[in-house]
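Colleague: For reference, this is start.tsv, and it has TSV, C-alpha atoms.
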```tsv
chain	number	residue	atom	x	y	z
A	24	THR	CA	16.39	2.29	-21.92
A	25	TYR	CA	14.56	3.34	-18.74
A	26	ALA	CA	15.05	1.19	-15.65
A	27	LEU	CA	13.83	1.63	-12.09
A	28	THR	CA	16.00	-0.10	-9.50
A	29	ILE	CA	14.50	-1.22	-6.17
A	30	ASP	CA	17.06	-2.49	-3.68
A	31	GLY	CA	18.19	-2.30	-0.08
A	32	LEU	CA	16.16	-4.17	2.50
A	33	THR	CA	14.27	-6.39	0.06
A	34	ARG	CA	13.87	-10.14	-0.39
A	35	SER	CA	14.40	-9.79	-4.11
A	36	PRO	CA	15.93	-6.57	-5.58
A	37	LEU	CA	14.26	-5.52	-8.83
A	38	GLU	CA	15.14	-3.62	-11.97
A	39	LEU	CA	11.98	-2.74	-13.89
A	40	SER	CA	11.68	-1.36	-17.40
A	41	LEU	CA	8.88	1.06	-18.20
A	42	ARG	CA	7.06	-1.79	-19.95
A	43	GLU	CA	7.36	-3.97	-16.81
A	44	LEU	CA	6.17	-1.11	-14.62
A	45	ARG	CA	3.15	-0.69	-16.91
A	46	SER	CA	2.32	-4.39	-16.40
A	47	PHE	CA	1.27	-3.67	-12.79
A	48	PRO	CA	-2.41	-2.77	-12.26
A	49	LYS	CA	-2.91	0.88	-13.25
A	50	THR	CA	-4.37	3.31	-10.72
A	51	THR	CA	-5.64	6.77	-11.65
A	52	LEU	CA	-6.32	9.53	-9.13
A	53	PRO	CA	-6.56	13.31	-8.95
A	54	ALA	CA	-4.01	14.99	-6.71
A	55	VAL	CA	-2.76	18.49	-6.00
A	56	LEU	CA	0.98	19.09	-6.29
A	57	GLN	CA	2.31	22.07	-4.33
A	58	CYS	CA	5.93	23.17	-4.13
A	59	SER	CA	6.97	23.33	-0.49
A	60	GLY	CA	8.37	26.78	-1.38
A	61	ASN	CA	4.97	28.14	-2.44
A	62	GLY	CA	4.83	31.56	-0.77
A	63	ARG	CA	8.57	31.52	0.02
A	64	ALA	CA	8.84	35.15	-1.16
A	65	PHE	CA	6.77	36.15	1.89
A	66	PHE	CA	8.88	34.36	4.52
A	67	GLU	CA	10.32	36.55	7.27
A	68	PRO	CA	13.20	36.28	7.72
A	69	PRO	CA	13.95	35.49	4.05
A	70	VAL	CA	15.07	31.96	3.22
A	71	PRO	CA	17.12	30.69	0.28
A	72	GLY	CA	15.45	29.19	-2.77
A	73	ALA	CA	13.23	30.29	-5.64
A	74	LYS	CA	11.20	33.31	-4.53
A	75	TRP	CA	7.80	31.81	-5.29
A	76	ARG	CA	4.94	34.10	-4.45
A	77	ARG	CA	1.66	32.31	-5.06
A	78	GLY	CA	0.93	29.80	-7.76
A	79	ALA	CA	3.47	26.98	-7.30
A	80	VAL	CA	0.53	24.60	-7.13
A	81	GLY	CA	-1.55	22.61	-9.60
A	82	GLN	CA	-3.91	19.67	-9.85
A	83	ALA	CA	-3.78	16.82	-12.36
A	84	ARG	CA	-5.03	13.28	-12.94
A	85	TRP	CA	-2.06	11.01	-12.27
A	86	ALA	CA	-1.89	7.38	-13.38
A	87	GLY	CA	0.59	4.60	-12.81
A	88	ALA	CA	1.49	1.64	-10.65
A	89	ARG	CA	0.83	1.74	-6.93
A	90	LEU	CA	4.18	1.87	-5.13
A	91	VAL	CA	2.92	-0.71	-2.61
A	92	ASP	CA	2.43	-3.23	-5.44
A	93	VAL	CA	5.96	-2.75	-6.75
A	94	LEU	CA	7.50	-2.90	-3.26
A	95	SER	CA	5.45	-6.02	-2.49
A	96	ARG	CA	6.97	-7.77	-5.49
A	97	ALA	CA	10.46	-6.84	-4.21
A	98	GLY	CA	9.52	-8.04	-0.71
A	99	VAL	CA	9.92	-5.39	1.99
A	100	ASP	CA	12.07	-6.52	4.90
A	101	PRO	CA	10.34	-5.78	8.25
A	102	SER	CA	13.39	-3.76	9.36
A	103	ALA	CA	12.82	-1.17	6.57
A	104	LYS	CA	11.67	2.15	8.01
A	105	PHE	CA	12.30	4.52	5.07
A	106	LEU	CA	12.33	4.54	1.29
A	107	ARG	CA	15.17	6.55	-0.27
A	108	LEU	CA	14.14	8.26	-3.53
A	109	GLU	CA	16.62	9.24	-6.23
A	110	GLY	CA	15.84	10.77	-9.61
A	111	ALA	CA	18.00	11.01	-12.72
A	112	ASP	CA	18.59	14.76	-12.40
A	113	ARG	CA	22.00	15.96	-11.31
A	114	PRO	CA	22.92	19.46	-10.11
A	115	ALA	CA	24.49	21.77	-12.69
A	116	ASN	CA	27.03	22.94	-10.11
A	117	PRO	CA	29.28	20.14	-8.75
A	118	SER	CA	29.23	21.75	-5.27
A	119	THR	CA	25.42	21.46	-5.08
A	120	PRO	CA	24.25	18.28	-3.34
A	121	ALA	CA	22.25	15.73	-5.32
A	122	PHE	CA	18.50	15.91	-4.67
A	123	VAL	CA	17.74	12.76	-2.69
A	124	ARG	CA	14.71	12.39	-0.41
A	125	SER	CA	13.30	9.73	1.92
A	126	ILE	CA	9.74	9.01	2.92
A	127	PRO	CA	8.64	6.84	5.85
A	128	ILE	CA	7.81	3.26	4.89
A	129	GLU	CA	4.20	3.73	6.02
A	130	ARG	CA	3.73	6.44	3.36
A	131	ALA	CA	5.55	4.38	0.74
A	132	LEU	CA	3.13	1.49	1.39
A	133	ASP	CA	0.03	3.71	1.30
A	134	PRO	CA	-2.17	2.62	-1.63
A	135	GLY	CA	-2.44	6.27	-2.78
A	136	THR	CA	1.30	6.64	-3.45
A	137	LEU	CA	1.96	6.14	-7.16
A	138	LEU	CA	4.80	5.59	-9.58
A	139	ALA	CA	3.15	7.82	-12.19
A	140	TYR	CA	3.84	7.51	-15.91
A	141	GLU	CA	0.73	9.41	-17.07
A	142	MET	CA	-0.62	12.88	-16.35
A	143	ASN	CA	-4.08	14.02	-17.45
A	144	ASP	CA	-4.64	10.85	-19.52
A	145	ALA	CA	-1.46	11.34	-21.56
A	146	PRO	CA	2.14	10.16	-21.19
A	147	LEU	CA	3.88	12.05	-18.41
A	148	PRO	CA	5.71	15.05	-19.98
A	149	HIS	CA	9.46	15.30	-19.48
A	150	LEU	CA	9.07	18.64	-17.68
A	151	HIS	CA	6.85	16.88	-15.13
A	152	GLY	CA	9.28	14.01	-14.50
A	153	ALA	CA	8.93	11.53	-17.37
A	154	PRO	CA	9.19	8.72	-17.71
A	155	VAL	CA	8.26	8.10	-14.02
A	156	ARG	CA	7.75	10.32	-11.00
A	157	LEU	CA	6.53	9.64	-7.51
A	158	VAL	CA	3.07	11.00	-6.61
A	159	VAL	CA	2.46	11.40	-2.87
A	160	PRO	CA	-1.01	12.95	-2.47
A	161	GLY	CA	-1.28	15.31	0.49
A	162	TRP	CA	2.48	15.74	0.82
A	163	VAL	CA	4.53	18.69	-0.45
A	164	GLY	CA	6.20	18.57	-3.85
A	165	ASP	CA	9.76	17.92	-2.66
A	166	ASP	CA	8.65	14.35	-1.89
A	167	TRP	CA	7.22	13.91	-5.42
A	168	VAL	CA	10.61	13.03	-6.91
A	169	LYS	CA	10.79	13.42	-10.70
A	170	TRP	CA	12.73	11.31	-13.23
A	171	LEU	CA	12.68	8.51	-10.65
A	172	ARG	CA	15.48	5.95	-11.13
A	173	HIS	CA	16.36	4.36	-7.80
A	174	LEU	CA	14.42	3.32	-4.71
A	175	THR	CA	16.29	1.95	-1.70
A	176	LEU	CA	14.64	0.48	1.41
A	177	THR	CA	16.63	1.51	4.51
A	178	THR	CA	16.45	1.59	8.30
A	179	GLU	CA	17.37	5.30	8.45
A	180	GLU	CA	16.25	8.49	6.75
A	181	ASP	CA	18.71	9.63	4.06
A	182	PRO	CA	21.46	11.73	5.74
A	183	GLY	CA	21.91	14.03	2.73
A	184	PHE	CA	21.40	17.78	2.55
A	185	TYR	CA	17.77	17.68	1.37
A	186	MET	CA	16.72	15.63	4.38
A	187	ALA	CA	19.15	16.68	7.13
A	188	LYS	CA	19.17	20.45	6.47
A	189	ALA	CA	16.76	21.60	3.77
A	190	TYR	CA	12.98	21.32	4.07
A	191	ARG	CA	13.10	21.10	7.86
A	192	LEU	CA	11.29	23.10	10.54
A	193	PRO	CA	12.23	23.50	14.20
A	194	ASP	CA	10.08	21.50	16.59
A	195	PRO	CA	8.82	23.26	18.63
A	196	PRO	CA	8.65	26.34	16.34
A	197	VAL	CA	10.77	29.42	17.04
A	198	ALA	CA	9.82	33.08	16.61
A	199	PRO	CA	10.67	34.66	13.23
A	200	GLY	CA	14.34	35.67	13.22
A	201	GLU	CA	15.16	33.63	16.35
A	202	ALA	CA	18.22	31.42	15.99
A	203	VAL	CA	17.56	27.70	16.08
A	204	LYS	CA	19.78	25.98	18.63
A	205	SER	CA	21.63	23.02	17.15
A	206	SER	CA	20.39	20.77	19.97
A	207	ARG	CA	16.76	21.49	19.09
A	208	PRO	CA	15.09	18.62	17.18
A	209	MET	CA	14.02	19.22	13.61
A	210	THR	CA	11.15	17.58	11.79
A	211	VAL	CA	10.50	16.88	8.13
A	212	MET	CA	7.85	19.12	6.54
A	213	PRO	CA	5.34	16.74	4.96
A	214	VAL	CA	1.81	18.06	4.87
A	215	LYS	CA	-0.24	15.13	6.12
```
What's the structure tokens form of this structure?

Modeller:
Amino acid sequence: TYALTIDGLTRSPLELSLRELRSFPKTTLPAVLQCSGNGRAFFEPPVPGAKWRRGAVGQARWAGARLVDVLSRAGVDPSAKFLRLEGADRPANPSTPAFVRSIPIERALDPGTLLAYEMNDAPLPHLHGAPVRLVVPGWVGDDWVKWLRHLTLTTEEDPGFYMAKAYRLPDPPVAPGEAVKSSRPMTVMPVK
């Protein structure tokens, strides 16, 4: 019953089954996945979130369709600047925002970005995002959206909590414990 919807700024919106996604040329690559909170237990001042110490990192062989191939079939409008990523997971608490991320269109069209349905030469396990997760080599894990269901091409970065407030760093940096002025620009944290 799985379906991946691709819509927004496209010539031809798509809804792909897992079988249809598997019909695209398969790419396999090794990549390291690291939670952006790896080492969060050591942050001063403390920040909210799981108190990872060390170890929220692992490497696997990922396989699936290149995102660029799927987006090419949908036809990316030249005005698209971001790809909004939404998985099937929903927060347990209704007051918690849904986990929605965006990546710049340039990264979405990079041939190394995958819609992975295999991990280590086996079907992707549910715990790791089955049936399909995004794999963005070189970028932190919050951009590797699991249980991927919906991709939307947009002109703007998603305005939700996990883009506008969470996973952001002041630019330029501030000293530990120093308040960040609301007028100060913030940048997304991808490791490039």

Colleague: Counting only C-alpha atoms, find the residues whose atoms lie at most 12 Å from (-5.9, 15.3, -15.3) (file coordinates) and write them out as a PyMOL selection string.

Modeller: chain A and resi 51-56+81-86+141-147

Colleague: Considering all atoms listed in the file, state which residue in the set A:Leu41, A:Leu106, A:Ala131, A:Ala64 is at the smallest distance from Thr178 in chain A.

Modeller: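 The closest residue to Thr178 in chain A is A:Leu106.
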
Colleague: Which polymer residues have any atom within 8 Å of an atom of Gly31 in chain A, counting all atoms listed in the file, with same-chain residues fewer than 4 positions away left out, as a short mmCIF file (atom, residue, chain, number, x, y, z; two decimals) with C-alpha atoms, keeping the file's coordinate frame?

Modeller:
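Writing done, so here's around_31.cif:
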```cif
data_model
loop_
_atom_site.label_atom_id
_atom_site.label_comp_id
_atom_site.auth_asym_id
_atom_site.auth_seq_id
_atom_site.Cartn_x
_atom_site.Cartn_y
_atom_site.Cartn_z
CA PRO A 36 15.93 -6.57 -5.58
CA THR A 175 16.29 1.95 -1.70
CA LEU A 176 14.64 0.48 1.41
CA THR A 177 16.63 1.51 4.51
#
```

Colleague: Counting only C-alpha atoms, give me one row per residue of range 101-178 of chain A with an atom at most 12 Å from an atom of range 93-96 of chain A, showing the shortest contact pair and its distance in Å to one decimal, sorted by chain then residue number, as CSV.

Modeller:
```
residue,atom,partner,partner_atom,distance
A:Pro101,CA,A:Ser95,CA,11.8
A:Ala103,CA,A:Leu94,CA,11.3
A:Leu106,CA,A:Leu94,CA,10.0
A:Ile128,CA,A:Leu94,CA,10.2
A:Glu129,CA,A:Leu94,CA,11.9
A:Ala131,CA,A:Leu94,CA,8.5
A:Leu132,CA,A:Leu94,CA,7.7
A:Asp133,CA,A:Leu94,CA,11.0
A:Pro134,CA,A:Val93,CA,11.0
A:Thr136,CA,A:Val93,CA,11.0
A:Leu137,CA,A:Val93,CA,9.8
A:Leu138,CA,A:Val93,CA,8.9
A:Leu174,CA,A:Leu94,CA,9.4
A:Thr175,CA,A:Leu94,CA,10.2
A:Leu176,CA,A:Leu94,CA,9.2
```

Colleague: Please measure the separation of CA of Glu179 in chain A and CA of Gly72 in chain A, giving the value in Å to one decimal.

Modeller: 26.5 Å

Colleague: What lies within 10 Å of Val80 in chain A using all atoms listed in the file, ignoring chain neighbours under 4 positions off, as number ranges by chain?

Modeller: A: 55-61, 163-164

Colleague: Those residues you just picked out, can you put them in a file as a short mmCIF file (atom, residue, chain, number, x, y, z; two decimals), in the coordinates of the input with C-alpha atoms?

Modeller:
```
data_model
loop_
_atom_site.label_atom_id
_atom_site.label_comp_id
_atom_site.auth_asym_id
_atom_site.auth_seq_id
_atom_site.Cartn_x
_atom_site.Cartn_y
_atom_site.Cartn_z
CA VAL A 55 -2.76 18.49 -6.00
CA LEU A 56 0.98 19.09 -6.29
CA GLN A 57 2.31 22.07 -4.33
CA CYS A 58 5.93 23.17 -4.13
CA SER A 59 6.97 23.33 -0.49
CA GLY A 60 8.37 26.78 -1.38
CA ASN A 61 4.97 28.14 -2.44
CA VAL A 163 4.53 18.69 -0.45
CA GLY A 164 6.20 18.57 -3.85
#
```

Colleague: Using only C-alpha atoms, what residues lie at most 7 Å away from (14.2, -10.1, -1.5) (file coordinates), given as a short mmCIF file (atom, residue, chain, number, x, y, z; two decimals) with C-alpha atoms, keeping the file's coordinate frame?

Modeller:
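Result went into part_19.cif, see below:
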```
data_model
loop_
_atom_site.label_atom_id
_atom_site.label_comp_id
_atom_site.auth_asym_id
_atom_site.auth_seq_id
_atom_site.Cartn_x
_atom_site.Cartn_y
_atom_site.Cartn_z
CA THR A 33 14.27 -6.39 0.06
CA ARG A 34 13.87 -10.14 -0.39
CA SER A 35 14.40 -9.79 -4.11
CA PRO A 36 15.93 -6.57 -5.58
CA ALA A 97 10.46 -6.84 -4.21
CA GLY A 98 9.52 -8.04 -0.71
#
```

Colleague: Using only C-alpha atoms, which of the listed residues (A:Gly135, A:Gly200, A:Gly183, A:Pro71) sits closest to Glu109 in chain A?

Modeller: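 Ranking A:Gly135, A:Gly200, A:Gly183, A:Pro71 by distance to Glu109 in chain A, first place goes to A:Gly183.
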
Colleague: If you measure from CA of Ile29 in chain A to CA of Asn116 in chain A, what distance in Å do you get, rounded to one decimal?

Modeller: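 So the two atoms, CA of Ile29 in chain A and CA of Asn116 in chain A, lie 27.5 Å apart.
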
Colleague: Leaving out Pro182 in chain A and any residue of its chain fewer than 4 positions from it, which residues lie within 12 Å of it when counting all atoms listed in the file, given as an MDAnalysis selection string?

Modeller: chainID A and resid 105 107 120:125 177:178 186:189

Colleague: Report as a count of residues only all protein, DNA and RNA residues lying within 8 Å of Leu171 in chain A, evaluated on only C-alpha atoms, omitting residues in the same chain fewer than 2 positions from it.

Modeller: 13

Colleague: Which is closest to Leu90 in chain A among A:Ala153, A:Ala73, A:Ala139, A:Ala26, if we use all atoms listed in the file?

Modeller: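 Looking only at the distances to Leu90 in chain A, the closest residue turns out to be A:Ala139.
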
Colleague: Ranking A:Arg130, A:Lys74, A:Arg63, A:Lys104 by minimum distance to Val91 in chain A and counting only C-alpha atoms, which one comes first?

Modeller: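 Smallest separation from Val91 in chain A among the options: A:Arg130.
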
Colleague: Tell me which of A:Arg172, A:Gly87, A:Pro68, A:Val197 sits closest to Thr28 in chain A, counting only C-alpha atoms.

Modeller: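 Looking only at the distances to Thr28 in chain A, the closest residue turns out to be A:Arg172.
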
Colleague: To one decimal place in Å, what is the distance between CA of Ala79 in chain A and CA of Tyr25 in chain A?

Modeller: 28.5 Å
